[in-house]
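One file, query.txt, is given below (compact mmCIF, C-alpha atoms).
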```txt
# COMPACT_ATOMS: atom_id res chain seq x y z
CA MET A 91 17.73 27.38 -28.15
CA ARG A 92 16.81 30.63 -26.46
CA LEU A 93 19.42 33.32 -25.98
CA PHE A 94 19.02 36.33 -23.69
CA GLU A 95 20.85 39.58 -23.21
CA GLY A 96 21.04 39.41 -19.45
CA GLU A 97 20.49 37.34 -16.34
CA VAL A 98 17.20 38.98 -15.34
CA ALA A 99 15.55 38.38 -18.71
CA LEU A 100 16.80 34.77 -18.82
CA ASP A 101 15.68 33.99 -15.26
CA GLU A 102 12.23 35.48 -15.83
CA ARG A 103 11.63 33.58 -19.09
CA LEU A 104 12.98 30.37 -17.58
CA LYS A 105 10.66 30.76 -14.59
CA ASP A 106 7.65 31.28 -16.88
CA PHE A 107 8.63 28.36 -19.08
CA ALA A 108 9.09 26.10 -16.03
CA GLU A 109 5.65 27.12 -14.75
CA GLU A 110 4.05 26.42 -18.17
CA HIS A 111 5.56 22.93 -18.39
CA LYS A 112 5.68 22.07 -14.70
CA LYS A 113 4.42 18.49 -15.09
CA THR A 114 6.88 17.45 -17.79
CA LEU A 115 9.85 19.69 -17.02
CA GLY A 116 13.25 18.05 -16.82
CA LEU A 117 15.53 20.82 -15.70
CA VAL A 118 19.32 20.66 -16.03
CA SER A 119 20.69 23.54 -14.02
CA LEU A 120 23.16 24.42 -11.29
CA ASP A 121 20.14 25.70 -9.35
CA VAL A 122 18.74 22.17 -9.36
CA PRO A 123 21.74 20.23 -8.05
CA LEU A 124 22.07 16.50 -7.53
CA ILE A 125 21.13 15.42 -4.02
CA SER A 126 24.45 15.13 -2.23
CA ASN A 127 23.64 12.29 0.16
CA LEU A 128 22.39 10.02 -2.63
CA ASP A 129 24.65 8.32 -5.11
CA VAL A 130 24.35 8.87 -8.86
CA SER A 131 22.09 5.90 -9.59
CA VAL A 132 19.63 6.78 -6.80
CA ASN A 133 19.56 10.42 -7.91
CA ILE A 134 18.45 9.36 -11.39
CA ALA A 135 16.24 6.43 -10.32
CA LEU A 136 14.39 8.62 -7.83
CA ILE A 137 12.28 10.22 -10.57
CA LYS A 138 10.92 6.88 -11.87
CA GLN A 139 10.53 5.47 -8.36
CA TYR A 140 8.61 8.48 -7.09
CA HIS A 141 6.40 9.30 -10.07
CA GLU A 142 5.86 5.86 -11.59
CA ASN A 143 6.30 3.74 -8.45
CA LEU A 144 8.89 1.67 -10.30
CA SER A 145 10.58 -0.80 -7.95
CA ALA A 146 14.09 0.08 -6.78
CA ASP A 147 15.64 -2.88 -8.63
CA LYS A 148 13.95 -2.09 -11.95
CA ALA A 149 14.74 1.62 -11.65
CA GLN A 150 18.41 0.88 -10.87
CA ALA A 151 18.65 -1.50 -13.86
CA LEU A 152 17.15 1.16 -16.12
CA VAL A 153 19.56 3.79 -14.82
CA LEU A 154 22.52 1.48 -15.31
CA SER A 155 21.50 0.85 -18.92
CA TYR A 156 21.42 4.60 -19.57
CA LEU A 157 24.73 5.18 -17.79
CA THR A 158 26.23 2.42 -19.94
CA ARG A 159 25.23 4.35 -23.07
CA TYR A 160 27.56 7.11 -21.86
CA GLY A 161 30.19 4.61 -20.71
CA LEU A 162 29.64 5.95 -17.19
CA GLU A 163 28.50 2.75 -15.45
CA ASP A 164 31.50 3.03 -13.11
CA ILE A 165 30.20 6.22 -11.51
CA SER A 166 26.81 4.78 -10.48
CA ASN A 167 27.89 4.57 -6.83
CA LYS A 168 29.64 7.93 -6.71
CA ARG A 169 28.14 11.02 -5.13
CA ASN A 170 27.90 14.54 -6.51
CA PRO A 171 31.17 15.99 -5.10
CA ALA A 172 33.17 13.09 -6.57
CA LEU A 173 31.99 13.73 -10.16
CA THR A 174 33.82 15.65 -12.88
CA ASN A 175 31.92 18.48 -14.57
CA LYS A 176 31.17 16.36 -17.66
CA GLU A 177 30.00 13.42 -15.55
CA ARG A 178 27.79 15.73 -13.49
CA PHE A 179 26.26 17.18 -16.67
CA CYS A 180 25.46 13.72 -18.04
CA VAL A 181 23.91 12.61 -14.73
CA MET A 182 21.77 15.76 -14.55
CA LEU A 183 20.72 15.23 -18.16
CA LEU A 184 19.79 11.60 -17.48
CA ARG A 185 17.80 12.60 -14.42
CA ALA A 186 15.90 15.13 -16.52
CA ALA A 187 15.30 12.48 -19.20
CA MET A 188 13.69 10.20 -16.60
CA VAL A 189 10.65 12.48 -16.41
CA ARG A 190 7.82 10.98 -18.46
CA ASP A 191 7.39 12.84 -21.83
CA SER A 192 10.05 15.17 -20.60
CA ILE A 193 10.71 18.60 -21.96
CA ILE A 194 14.36 19.03 -21.13
CA VAL A 195 15.55 22.51 -20.33
CA ILE A 196 19.28 23.07 -20.05
CA ASP A 197 19.92 26.27 -18.15
CA ARG A 198 23.25 27.90 -19.06
CA PRO A 199 25.04 24.61 -19.89
CA PHE A 200 28.51 26.17 -19.92
CA THR A 201 28.17 27.06 -16.23
CA ILE A 202 27.84 23.32 -15.51
CA ILE A 203 30.67 22.36 -17.87
CA PRO A 204 32.91 25.48 -17.85
CA ASP A 205 35.88 23.50 -19.20
CA VAL A 206 34.04 22.76 -22.46
CA LYS A 207 34.74 25.17 -25.32
CA ASP A 208 31.84 24.46 -27.72
CA ASP A 209 28.52 22.64 -27.90
CA ARG A 210 29.81 19.36 -29.37
CA PHE A 211 29.79 17.66 -25.97
CA ILE A 212 26.23 18.85 -25.25
CA TYR A 213 25.05 17.78 -28.71
CA ASP A 214 26.58 14.31 -28.31
CA ALA A 215 25.19 13.91 -24.78
CA LEU A 216 21.69 14.79 -26.02
CA LYS A 217 21.98 12.52 -29.07
CA ILE A 218 22.73 9.50 -26.87
CA VAL A 219 19.43 9.81 -24.99
CA ASP A 220 17.28 11.41 -27.71
CA ASP A 221 14.79 8.53 -27.49
CA SER A 222 13.87 9.46 -23.94
CA PHE A 223 12.68 13.06 -24.18
CA ARG A 224 10.12 14.97 -26.21
CA GLU A 225 11.79 18.36 -26.61
CA CYS A 226 14.95 20.05 -25.49
CA HIS A 227 15.42 23.77 -24.92
CA ILE A 228 18.66 25.50 -24.08
CA PHE A 229 18.57 28.79 -22.22
CA ASP A 230 21.75 30.80 -22.42
CA TYR A 231 23.18 34.29 -22.84
CA LEU A 232 23.45 36.00 -26.20
CA TRP A 233 27.19 36.35 -25.82
CA SER A 234 27.55 32.56 -25.73
CA LYS A 235 26.09 32.28 -29.23
CA ASP A 236 29.51 31.69 -30.80
CA ARG A 237 30.00 28.58 -28.70
CA TYR A 238 27.01 26.94 -30.39
CA GLY A 239 27.73 25.47 -33.79
CA MET A 240 26.12 22.04 -33.87
CA ILE A 241 22.94 23.01 -32.03
CA THR A 242 20.98 25.49 -34.13
CA VAL A 243 19.17 28.52 -32.78
CA MET B 53 10.40 48.07 33.48
CA ILE B 54 8.48 48.53 30.23
CA ASN B 55 11.40 46.94 28.35
CA ALA B 56 11.32 43.95 30.67
CA ILE B 57 7.58 43.50 30.13
CA ALA B 58 8.05 43.91 26.38
CA ARG B 59 10.78 41.25 26.44
CA ILE B 60 8.51 38.84 28.34
CA GLY B 61 5.72 39.56 25.85
CA THR B 62 8.00 38.99 22.85
CA THR B 63 9.34 35.76 24.31
CA THR B 64 5.82 34.53 25.05
CA ILE B 65 4.67 35.34 21.51
CA ASN B 66 7.71 33.59 20.03
CA VAL B 67 7.27 30.48 22.18
CA THR B 68 3.55 30.33 21.36
CA LYS B 69 4.27 30.78 17.67
CA THR B 70 6.91 28.02 17.71
CA PHE B 71 4.52 25.70 19.56
CA ARG B 72 1.68 26.47 17.13
CA ASP B 73 3.92 26.01 14.07
CA THR B 74 5.22 22.69 15.41
CA LEU B 75 1.69 21.42 16.01
CA SER B 76 0.57 22.62 12.59
CA PHE B 77 3.52 20.83 10.95
CA ALA B 78 2.75 17.73 13.04
CA PHE B 79 -0.84 17.82 11.78
CA THR B 80 0.36 17.99 8.16
CA ILE B 81 2.65 14.99 8.72
CA ILE B 82 -0.12 12.99 10.43
CA LEU B 83 -2.51 13.67 7.55
CA LYS B 84 0.15 12.52 5.07
CA MET B 85 0.87 9.47 7.21
CA PHE B 86 -2.68 8.19 6.71
CA ASN B 87 -2.82 9.04 3.01
CA LYS B 88 -1.89 6.05 0.85
CA ASN B 89 -0.80 8.33 -1.99
CA SER B 90 2.14 9.41 0.16
CA TYR B 91 3.78 6.02 -0.24
CA ASN B 92 5.71 4.84 -3.29
CA SER B 93 8.88 2.95 -4.13
CA ALA B 94 11.10 5.96 -3.36
CA THR B 95 9.59 6.70 0.07
CA ARG B 96 9.73 3.01 1.03
CA GLN B 97 13.41 2.93 0.10
CA VAL B 98 14.11 6.01 2.23
CA LEU B 99 12.19 4.45 5.14
CA ILE B 100 14.25 1.24 4.95
CA HIS B 101 17.50 3.22 4.87
CA GLN B 102 16.38 5.38 7.79
CA ILE B 103 15.45 2.33 9.89
CA TYR B 104 18.88 0.86 9.15
CA PHE B 105 20.68 4.09 10.13
CA THR B 106 18.62 4.64 13.28
CA SER B 107 17.77 1.22 14.66
CA VAL B 108 20.39 -1.16 13.27
CA GLN B 109 23.61 0.87 13.22
CA ILE B 110 23.04 1.93 16.82
CA LEU B 111 22.62 -1.65 18.10
CA PRO B 112 26.18 -2.33 19.41
CA LEU B 113 26.17 0.94 21.39
CA PHE B 114 22.58 0.44 22.47
CA ILE B 115 23.10 -3.12 23.68
CA GLY B 116 26.30 -2.10 25.51
CA ILE B 117 24.59 0.79 27.30
CA SER B 118 21.48 -1.28 28.06
CA ILE B 119 23.51 -4.09 29.63
CA ILE B 120 25.91 -1.89 31.62
CA PHE B 121 23.45 0.77 32.74
CA GLY B 122 20.43 -1.51 33.05
CA THR B 123 22.21 -4.26 34.98
CA LEU B 124 23.81 -1.86 37.46
CA LEU B 125 20.53 -0.04 37.97
CA MET B 126 18.59 -3.26 38.44
CA GLY B 127 21.18 -4.44 40.98
CA ILE B 128 20.84 -1.23 42.99
CA VAL B 129 17.03 -1.14 42.76
CA LEU B 130 16.63 -4.77 43.82
CA GLN B 131 19.07 -4.25 46.69
CA ILE B 132 16.99 -1.25 47.89
CA ILE B 133 13.76 -3.29 47.56
CA LYS B 134 15.33 -6.00 49.69
CA ASN B 135 16.66 -3.53 52.31
CA LEU B 136 13.27 -1.79 52.60
CA GLY B 137 11.42 -5.08 52.83
CA LEU B 138 9.34 -4.38 49.71
CA ALA B 139 9.81 -7.81 48.15
CA GLU B 140 6.05 -8.28 47.65
CA HIS B 141 6.06 -5.21 45.36
CA LEU B 142 9.09 -6.45 43.39
CA GLY B 143 7.23 -7.05 40.11
CA ARG B 144 5.28 -3.81 40.20
CA ILE B 145 8.37 -1.71 40.96
CA ILE B 146 10.41 -3.35 38.18
CA MET B 147 7.62 -3.01 35.60
CA ASP B 148 6.91 0.62 36.47
CA LEU B 149 10.55 1.59 36.60
CA VAL B 150 11.88 -0.29 33.59
CA VAL B 151 9.02 -0.69 31.09
CA THR B 152 7.10 2.53 31.69
CA GLU B 153 9.84 4.99 32.62
CA LEU B 154 13.42 3.95 32.05
CA ALA B 155 13.21 2.17 28.68
CA PRO B 156 11.47 4.95 26.70
CA PHE B 157 13.60 7.65 28.33
CA VAL B 158 17.01 6.05 27.75
CA THR B 159 16.02 5.02 24.21
CA VAL B 160 14.78 8.45 23.24
CA LEU B 161 17.89 10.12 24.65
CA LEU B 162 20.19 7.85 22.64
CA ILE B 163 18.22 8.22 19.42
CA ALA B 164 17.88 11.99 19.86
CA LEU B 165 21.62 12.39 20.43
CA ARG B 166 22.47 10.34 17.38
CA SER B 167 19.68 10.62 14.82
CA SER B 168 17.85 13.88 15.60
CA SER B 169 21.04 15.89 15.25
CA ALA B 170 21.86 14.05 12.01
CA ILE B 171 18.38 14.71 10.58
CA ASN B 172 18.56 18.37 11.57
CA ALA B 173 21.97 18.82 9.91
CA GLU B 174 20.93 16.81 6.83
CA ILE B 175 17.82 18.90 6.14
CA ALA B 176 19.70 22.16 6.83
CA VAL B 177 22.47 21.15 4.39
CA MET B 178 19.87 20.23 1.77
CA LYS B 179 18.25 23.63 2.24
CA VAL B 180 21.57 25.49 1.93
CA ASN B 181 22.59 23.43 -1.15
CA LYS B 182 19.22 24.15 -2.83
CA GLU B 183 18.53 20.40 -2.92
CA LEU B 184 14.99 21.01 -1.65
CA ASN B 185 14.58 23.18 -4.77
CA THR B 186 15.60 20.13 -6.82
CA LEU B 187 12.77 18.09 -5.31
CA ASP B 188 10.33 20.90 -5.97
CA LYS B 189 11.41 21.30 -9.62
CA PHE B 190 10.95 17.57 -10.21
CA ASN B 191 7.49 17.66 -8.57
CA ILE B 192 8.64 15.54 -5.64
CA ASP B 193 6.83 16.41 -2.42
CA ALA B 194 9.50 16.88 0.27
CA VAL B 195 6.98 15.89 2.95
CA ASP B 196 6.34 12.53 1.25
CA TYR B 197 9.88 11.80 0.21
CA LEU B 198 12.01 13.28 2.99
CA PHE B 199 10.00 14.00 6.10
CA LEU B 200 7.39 11.26 6.37
CA PRO B 201 9.85 8.31 6.19
CA ARG B 202 12.03 9.95 8.85
CA VAL B 203 9.10 10.53 11.21
CA ILE B 204 7.72 6.99 10.73
CA ASN B 205 11.23 5.67 11.33
CA GLY B 206 11.45 7.74 14.54
CA VAL B 207 8.21 6.24 15.87
CA LEU B 208 9.14 2.65 14.92
CA SER B 209 12.70 2.93 16.21
CA VAL B 210 11.78 4.31 19.63
CA VAL B 211 9.04 1.69 20.12
CA LEU B 212 11.22 -1.24 19.02
CA LEU B 213 14.42 -0.19 20.79
CA SER B 214 12.51 0.66 23.95
CA ALA B 215 10.98 -2.84 23.95
CA PHE B 216 14.44 -4.29 23.34
CA PHE B 217 15.88 -2.25 26.25
CA SER B 218 13.10 -3.55 28.52
CA ILE B 219 13.83 -7.16 27.54
CA LEU B 220 17.58 -6.75 28.15
CA VAL B 221 17.15 -5.06 31.53
CA LEU B 222 14.40 -7.43 32.71
CA THR B 223 16.67 -10.34 31.76
CA SER B 224 19.50 -8.88 33.83
CA GLY B 225 16.95 -8.45 36.65
CA LEU B 226 16.60 -12.23 36.64
CA LEU B 227 20.24 -12.55 37.68
CA PHE B 228 19.89 -10.20 40.65
CA SER B 229 16.51 -11.55 41.74
CA LYS B 230 18.10 -15.01 41.88
CA LEU B 231 21.08 -13.72 43.88
CA LEU B 232 19.13 -11.49 46.27
CA PHE B 233 15.73 -13.15 46.55
CA GLY B 234 16.49 -16.68 45.38
CA LEU B 235 13.78 -16.44 42.68
CA SER B 236 13.77 -19.05 39.91
CA LEU B 237 13.15 -18.12 36.25
CA GLU B 238 9.55 -19.32 36.52
CA SER B 239 8.83 -17.37 39.74
CA TYR B 240 10.49 -14.25 38.32
CA SER B 241 8.43 -14.48 35.13
CA ASN B 242 5.23 -14.99 37.13
CA VAL B 243 6.00 -11.97 39.33
CA LEU B 244 6.54 -9.78 36.26
CA LEU B 245 3.52 -11.08 34.32
CA SER B 246 1.17 -10.67 37.29
CA SER B 247 2.44 -7.09 37.70
CA ALA B 248 2.04 -6.15 34.05
CA ASN B 249 -0.76 -3.63 33.72
CA PHE B 250 -2.43 -3.11 30.33
CA TYR B 251 -2.96 0.60 30.99
CA ASP B 252 0.74 1.10 31.81
CA ILE B 253 1.79 -0.69 28.65
CA VAL B 254 -0.57 1.46 26.56
CA ILE B 255 0.83 4.62 28.20
CA SER B 256 4.35 3.39 27.56
CA LEU B 257 3.55 2.65 23.91
CA VAL B 258 1.87 6.02 23.37
CA LYS B 259 4.80 7.73 25.08
CA CYS B 260 7.31 5.95 22.82
CA CYS B 261 5.31 6.88 19.71
CA THR B 262 5.07 10.52 20.82
CA PHE B 263 8.78 10.65 21.63
CA GLY B 264 9.68 9.13 18.26
CA PHE B 265 7.34 11.47 16.41
CA PHE B 266 8.64 14.69 17.93
CA ILE B 267 12.36 13.89 18.07
CA THR B 268 12.30 13.57 14.28
CA LEU B 269 9.68 16.21 13.50
CA ILE B 270 11.37 19.04 15.43
CA PRO B 271 14.82 18.60 13.80
CA ILE B 272 13.17 18.56 10.35
CA ARG B 273 11.34 21.80 11.13
CA PHE B 274 14.50 23.49 12.39
CA GLY B 275 16.49 22.18 9.42
CA LEU B 276 14.02 23.98 7.18
CA HIS B 277 14.75 27.20 9.10
CA ALA B 278 18.29 27.29 7.72
CA THR B 279 18.95 30.17 5.33
CA ASN B 280 21.20 30.10 2.26
CA ASP B 281 24.32 30.64 4.41
CA LEU B 282 26.50 27.76 5.56
CA THR B 283 26.74 29.44 8.97
CA SER B 284 23.01 28.91 9.50
CA ILE B 285 23.52 25.12 9.72
CA PRO B 286 25.09 24.97 13.24
CA ILE B 287 22.55 27.53 14.50
CA SER B 288 19.71 25.45 13.11
CA VAL B 289 21.09 22.26 14.71
CA LEU B 290 21.67 23.99 18.04
CA ASN B 291 18.16 25.43 18.21
CA GLY B 292 16.61 22.21 16.99
CA MET B 293 18.38 20.06 19.56
CA VAL B 294 17.44 22.40 22.42
CA ASP B 295 13.81 22.14 21.35
CA VAL B 296 14.10 18.35 21.05
CA PHE B 297 15.35 18.22 24.65
CA ILE B 298 12.51 20.48 25.82
CA ALA B 299 10.01 18.27 23.96
CA ILE B 300 11.41 15.12 25.61
CA ILE B 301 11.04 16.65 29.08
CA PHE B 302 7.57 17.99 28.23
CA ILE B 303 6.32 14.58 27.01
CA GLU B 304 7.89 12.81 29.99
CA VAL B 305 6.17 15.20 32.43
CA LEU B 306 2.84 14.82 30.61
CA SER B 307 3.08 11.03 30.76
CA LEU B 308 3.90 11.14 34.48
CA ILE B 309 0.86 13.31 35.08
CA LEU B 310 -1.29 10.86 33.08
CA ILE B 311 0.02 7.90 35.07
CA PHE B 312 -0.59 9.55 38.43
CA ILE B 313 -4.11 10.80 37.62
```
Could I get this structure in the form of C-alpha cells?
Amino acid sequence: MRLFEGEVALDERLKDFAEEHKKTLGLVSLDVPLISNLDVSVNIALIKQYHENLSADKAQALVLSYLTRYGLEDISNKRNPALTNKERFCVMLLRAAMVRDSIIVIDRPFTIIPDVKDDRFIYDALKIVDDSFRECHIFDYLWSKDRYGMITV
Amino acid sequence: MINAIARIGTTTINVTKTFRDTLSFAFTIILKMFNKNSYNSATRQVLIHQIYFTSVQILPLFIGISIIFGTLLMGIVLQIIKNLGLAEHLGRIIMDLVVTELAPFVTVLLIALRSSSAINAEIAVMKVNKELNTLDKFNIDAVDYLFLPRVINGVLSVVLLSAFFSILVLTSGLLFSKLLFGLSLESYSNVLLSSANFYDIVISLVKCCTFGFFITLIPIRFGLHATNDLTSIPISVLNGMVDVFIAIIFIEVLSLILIFI
C-alpha cells in the first residue's frame, strides 16, 4: 500500500508506476472505467480475447467462473450504469486480474466504493481472486490510513 | 478586404489540413487492415456485431425502401425509354442507372444516416467517458479493436447491400418490362447480361468500397475530436456528418468523371 499526502504526488507516482509496469499493469481506477456499451462479461473477457486470442466462448466461460466466485454471475449481462458500486469494483478488479502475470494497482479504492467504511470488502475481494495476480498495490491518500486495518502498509 | 483574404486563407488551410489528416488516418487504417497481427478474437467479435448492427438490423427498412423507391423509379424509367423509342438501349440504361449509380448511392445514404451518425456518437461518448483511456491502459490498440472492425464493416455492408438493392430493383424491372415491352424472364435476363460491362462493375465495386471506407472512417475521426465536455458530442456528430455528406458527393463526382473519361 502506498499512501500520499496529496493528489499531485499520488498522480505522479501512479503515472511512473504505470509506465514501469505497462505490460503487466491491471489498473482499477475511476479513470479507467468499464466500457459502457459492453456488458460486464465482455468487459472482462476482452483482455483475454485481445491479448491471448482466447475464443469468445472460452473467455466468457472463464469470466463466468470468476463472477461465480463473487456470487455475481447474475450481473454478467448488465452494463456499467446498472451496477452498484461494490459490483463495479469487483468487475474492475476481475478485469485487472485478467491481465497475464498482472500487477494490480487499485487507485483510491474508496472513490470507487464510497459507501464502504473500511478495507474489509477490498481485502475479501482480493482474497477471492488471489490466484490470478502476481502483486497488488493500493494507492491512496495519507488521510485514508485509518480506513485500512486488514491490508497492511 | 485584408480580413476577407485572411478568412479565405484560413479556411483553405483548415480544409487542406482536414483533408490531409483524413488521408493520413485512412493510410494508417489501410496499413492495419493488411497486417494479420491486427486481428484477434476480440476484433472478430466486434466485426460480427458491427455487421449485424449495420447490415442485418437495417434489412426491413432497406428492403422496404428498395422495393418502393426502386419499383417506382424503374416504372418511370422504363416508361420514358418506351416513349422515347430507346427500347434497344433498355439493358444498358438499366445497368448504368441501377447497378452503377443508384444502388451504391441509395445504400450509402441509408447506411450513413443510420450507422455513421451512431459510430460518430459512440466514439465521441467513449472519448468523453475516458473509455479510450481504458483501452490504452490495458494495452489495447483502439485502431485494432475499435476502428478497424467498423471500417471493414462499412466496406462489406455497402458492397453487400448495394448488390442486394440492385437485385431487388432489377427484379422489379422484370415486372415493368413485361408490362411495357412484353419481355419474358429469359429475354429480360439476356438483355441485362449482354449489357453488363466488366469495367462498370469494377467501378461500381470500387465506388462501394470507397463509400463504405469513408463513411465509417470520417465519423471515427470526428468522434476522436470530442473534448472532455458532454457538449462536444453533438458538435462532433454534426461536423462529422457534414463531412460524411461532402465525402459522398466527392466520391460520386469522382466516379462519374472516371466513367465518362
Distance filter 12 Å, all atoms listed in the file, chain B against chain A, as a ChimeraX atom specification: /B:89-98,100-101,171,173-175,177-194,196-198
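Computed from the coordinates, the CA of Tyr104 in chain B to CA of Thr268 in chain B distance equals 15.2 Å.
Across the structure, CA of Ser236 in chain B and CA of Leu142 in chain B are spaced 13.9 Å apart.
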Nearby residues, (4.4, 2.0, 26.2) file frame, 10 Å, all atoms listed in the file, as a ChimeraX atom specification: /B:151-153,155-156,211,214-215,250-261
CA of Arg169 in chain A to CA of Gln109 in chain B, distance in Å rounded to a single decimal: 21.5 Å
Residues within 12 Å of Leu244 in chain B, all atoms listed in the file, excluding chain neighbours under 2 positions, as a ChimeraX atom specification: /B:140-148,150-151,218-219,222-223,225-226,229,235,237-242,246-249
Polymer residues at most 6 Å from Gly275 in chain B, only C-alpha atoms, same-chain spacing of 5 or more positions, as a ChimeraX atom specification: /B:172,175-176,288
Radius query 12 Å about (23.2, 31.4, -22.4), atoms used: only C-alpha atoms, as a compact mmCIF listing (two decimals) with C-alpha atoms, keeping the file's coordinate frame:
```
# COMPACT_ATOMS: atom_id res chain seq x y z
CA MET A 91 17.73 27.38 -28.15
CA ARG A 92 16.81 30.63 -26.46
CA LEU A 93 19.42 33.32 -25.98
CA PHE A 94 19.02 36.33 -23.69
CA GLU A 95 20.85 39.58 -23.21
CA GLY A 96 21.04 39.41 -19.45
CA GLU A 97 20.49 37.34 -16.34
CA VAL A 98 17.20 38.98 -15.34
CA ALA A 99 15.55 38.38 -18.71
CA LEU A 100 16.80 34.77 -18.82
CA ASP A 101 15.68 33.99 -15.26
CA LEU A 104 12.98 30.37 -17.58
CA SER A 119 20.69 23.54 -14.02
CA VAL A 195 15.55 22.51 -20.33
CA ILE A 196 19.28 23.07 -20.05
CA ASP A 197 19.92 26.27 -18.15
CA ARG A 198 23.25 27.90 -19.06
CA PRO A 199 25.04 24.61 -19.89
CA PHE A 200 28.51 26.17 -19.92
CA THR A 201 28.17 27.06 -16.23
CA ILE A 202 27.84 23.32 -15.51
CA ASP A 209 28.52 22.64 -27.90
CA HIS A 227 15.42 23.77 -24.92
CA ILE A 228 18.66 25.50 -24.08
CA PHE A 229 18.57 28.79 -22.22
CA ASP A 230 21.75 30.80 -22.42
CA TYR A 231 23.18 34.29 -22.84
CA LEU A 232 23.45 36.00 -26.20
CA TRP A 233 27.19 36.35 -25.82
CA SER A 234 27.55 32.56 -25.73
CA LYS A 235 26.09 32.28 -29.23
CA ASP A 236 29.51 31.69 -30.80
CA ARG A 237 30.00 28.58 -28.70
CA TYR A 238 27.01 26.94 -30.39
CA VAL A 243 19.17 28.52 -32.78
```
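In this comparison, which uses all atoms listed in the file, the residue of B:Gln131, B:Asn280, B:Ser168, B:Ser107 approaching Val210 in chain B most closely is B:Ser107.
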What box, with edges along x, y and z, holds each listed atom of range 267-270 of chain B when 6 Å is added on every side, and can you state its centre and edge lengths in Å to one decimal, as AutoDock Vina command-line options?
```
--center_x 11.0 --center_y 16.3 --center_z 15.8 --size_x 14.7 --size_y 17.5 --size_z 16.6
```
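Taking all atoms listed in the file into account, Leu184 in chain A lies nearest to A:Asp220 out of the set A:Asp220, A:Asp164, A:Asp208, A:Glu102.
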Would you mind completing range 130-148 of chain A to N, CA and C atoms and writing the output as a PDB file, keeping the file's coordinate frame?
```pdb
ATOM      1  N   VAL A 130      24.803   8.517  -7.508  1.00  0.00           N
ATOM      2  CA  VAL A 130      24.350   8.870  -8.860  1.00  0.00           C
ATOM      3  C   VAL A 130      23.121   8.062  -9.278  1.00  0.00           C
ATOM      4  N   SER A 131      23.186   6.736  -9.103  1.00  0.00           N
ATOM      5  CA  SER A 131      22.090   5.900  -9.590  1.00  0.00           C
ATOM      6  C   SER A 131      20.779   6.208  -8.857  1.00  0.00           C
ATOM      7  N   VAL A 132      20.863   6.477  -7.558  1.00  0.00           N
ATOM      8  CA  VAL A 132      19.630   6.780  -6.800  1.00  0.00           C
ATOM      9  C   VAL A 132      19.086   8.148  -7.208  1.00  0.00           C
ATOM     10  N   ASN A 133      19.990   9.099  -7.459  1.00  0.00           N
ATOM     11  CA  ASN A 133      19.560  10.420  -7.910  1.00  0.00           C
ATOM     12  C   ASN A 133      18.714  10.327  -9.181  1.00  0.00           C
ATOM     13  N   ILE A 134      19.168   9.478 -10.102  1.00  0.00           N
ATOM     14  CA  ILE A 134      18.450   9.360 -11.390  1.00  0.00           C
ATOM     15  C   ILE A 134      17.191   8.498 -11.218  1.00  0.00           C
ATOM     16  N   ALA A 135      17.361   7.377 -10.485  1.00  0.00           N
ATOM     17  CA  ALA A 135      16.240   6.430 -10.320  1.00  0.00           C
ATOM     18  C   ALA A 135      15.073   7.036  -9.538  1.00  0.00           C
ATOM     19  N   LEU A 136      15.402   7.985  -8.671  1.00  0.00           N
ATOM     20  CA  LEU A 136      14.390   8.620  -7.830  1.00  0.00           C
ATOM     21  C   LEU A 136      13.156   9.084  -8.603  1.00  0.00           C
ATOM     22  N   ILE A 137      13.385   9.652  -9.791  1.00  0.00           N
ATOM     23  CA  ILE A 137      12.280  10.220 -10.570  1.00  0.00           C
ATOM     24  C   ILE A 137      11.272   9.119 -10.941  1.00  0.00           C
ATOM     25  N   LYS A 138      11.800   7.996 -11.472  1.00  0.00           N
ATOM     26  CA  LYS A 138      10.920   6.880 -11.870  1.00  0.00           C
ATOM     27  C   LYS A 138      10.282   6.231 -10.641  1.00  0.00           C
ATOM     28  N   GLN A 139      11.056   6.103  -9.566  1.00  0.00           N
ATOM     29  CA  GLN A 139      10.530   5.470  -8.360  1.00  0.00           C
ATOM     30  C   GLN A 139       9.400   6.296  -7.754  1.00  0.00           C
ATOM     31  N   TYR A 140       9.600   7.613  -7.730  1.00  0.00           N
ATOM     32  CA  TYR A 140       8.610   8.480  -7.090  1.00  0.00           C
ATOM     33  C   TYR A 140       7.359   8.660  -7.959  1.00  0.00           C
ATOM     34  N   HIS A 141       7.557   8.961  -9.233  1.00  0.00           N
ATOM     35  CA  HIS A 141       6.400   9.300 -10.070  1.00  0.00           C
ATOM     36  C   HIS A 141       5.709   8.087 -10.700  1.00  0.00           C
ATOM     37  N   GLU A 142       6.471   7.020 -10.932  1.00  0.00           N
ATOM     38  CA  GLU A 142       5.860   5.860 -11.590  1.00  0.00           C
ATOM     39  C   GLU A 142       5.853   4.635 -10.692  1.00  0.00           C
ATOM     40  N   ASN A 143       6.279   4.815  -9.444  1.00  0.00           N
ATOM     41  CA  ASN A 143       6.300   3.740  -8.450  1.00  0.00           C
ATOM     42  C   ASN A 143       7.063   2.508  -8.963  1.00  0.00           C
ATOM     43  N   LEU A 144       8.075   2.765  -9.785  1.00  0.00           N
ATOM     44  CA  LEU A 144       8.890   1.670 -10.300  1.00  0.00           C
ATOM     45  C   LEU A 144       9.727   1.108  -9.149  1.00  0.00           C
ATOM     46  N   SER A 145       9.835  -0.215  -9.074  1.00  0.00           N
ATOM     47  CA  SER A 145      10.580  -0.800  -7.950  1.00  0.00           C
ATOM     48  C   SER A 145      12.049  -0.372  -8.019  1.00  0.00           C
ATOM     49  N   ALA A 146      12.695  -0.385  -6.862  1.00  0.00           N
ATOM     50  CA  ALA A 146      14.090   0.080  -6.780  1.00  0.00           C
ATOM     51  C   ALA A 146      14.984  -0.720  -7.731  1.00  0.00           C
ATOM     52  N   ASP A 147      14.790  -2.031  -7.777  1.00  0.00           N
ATOM     53  CA  ASP A 147      15.640  -2.880  -8.630  1.00  0.00           C
ATOM     54  C   ASP A 147      15.474  -2.535 -10.102  1.00  0.00           C
ATOM     55  N   LYS A 148      14.205  -2.397 -10.525  1.00  0.00           N
ATOM     56  CA  LYS A 148      13.950  -2.090 -11.950  1.00  0.00           C
ATOM     57  C   LYS A 148      14.491  -0.696 -12.298  1.00  0.00           C
TER      58      LYS A 148
END
```
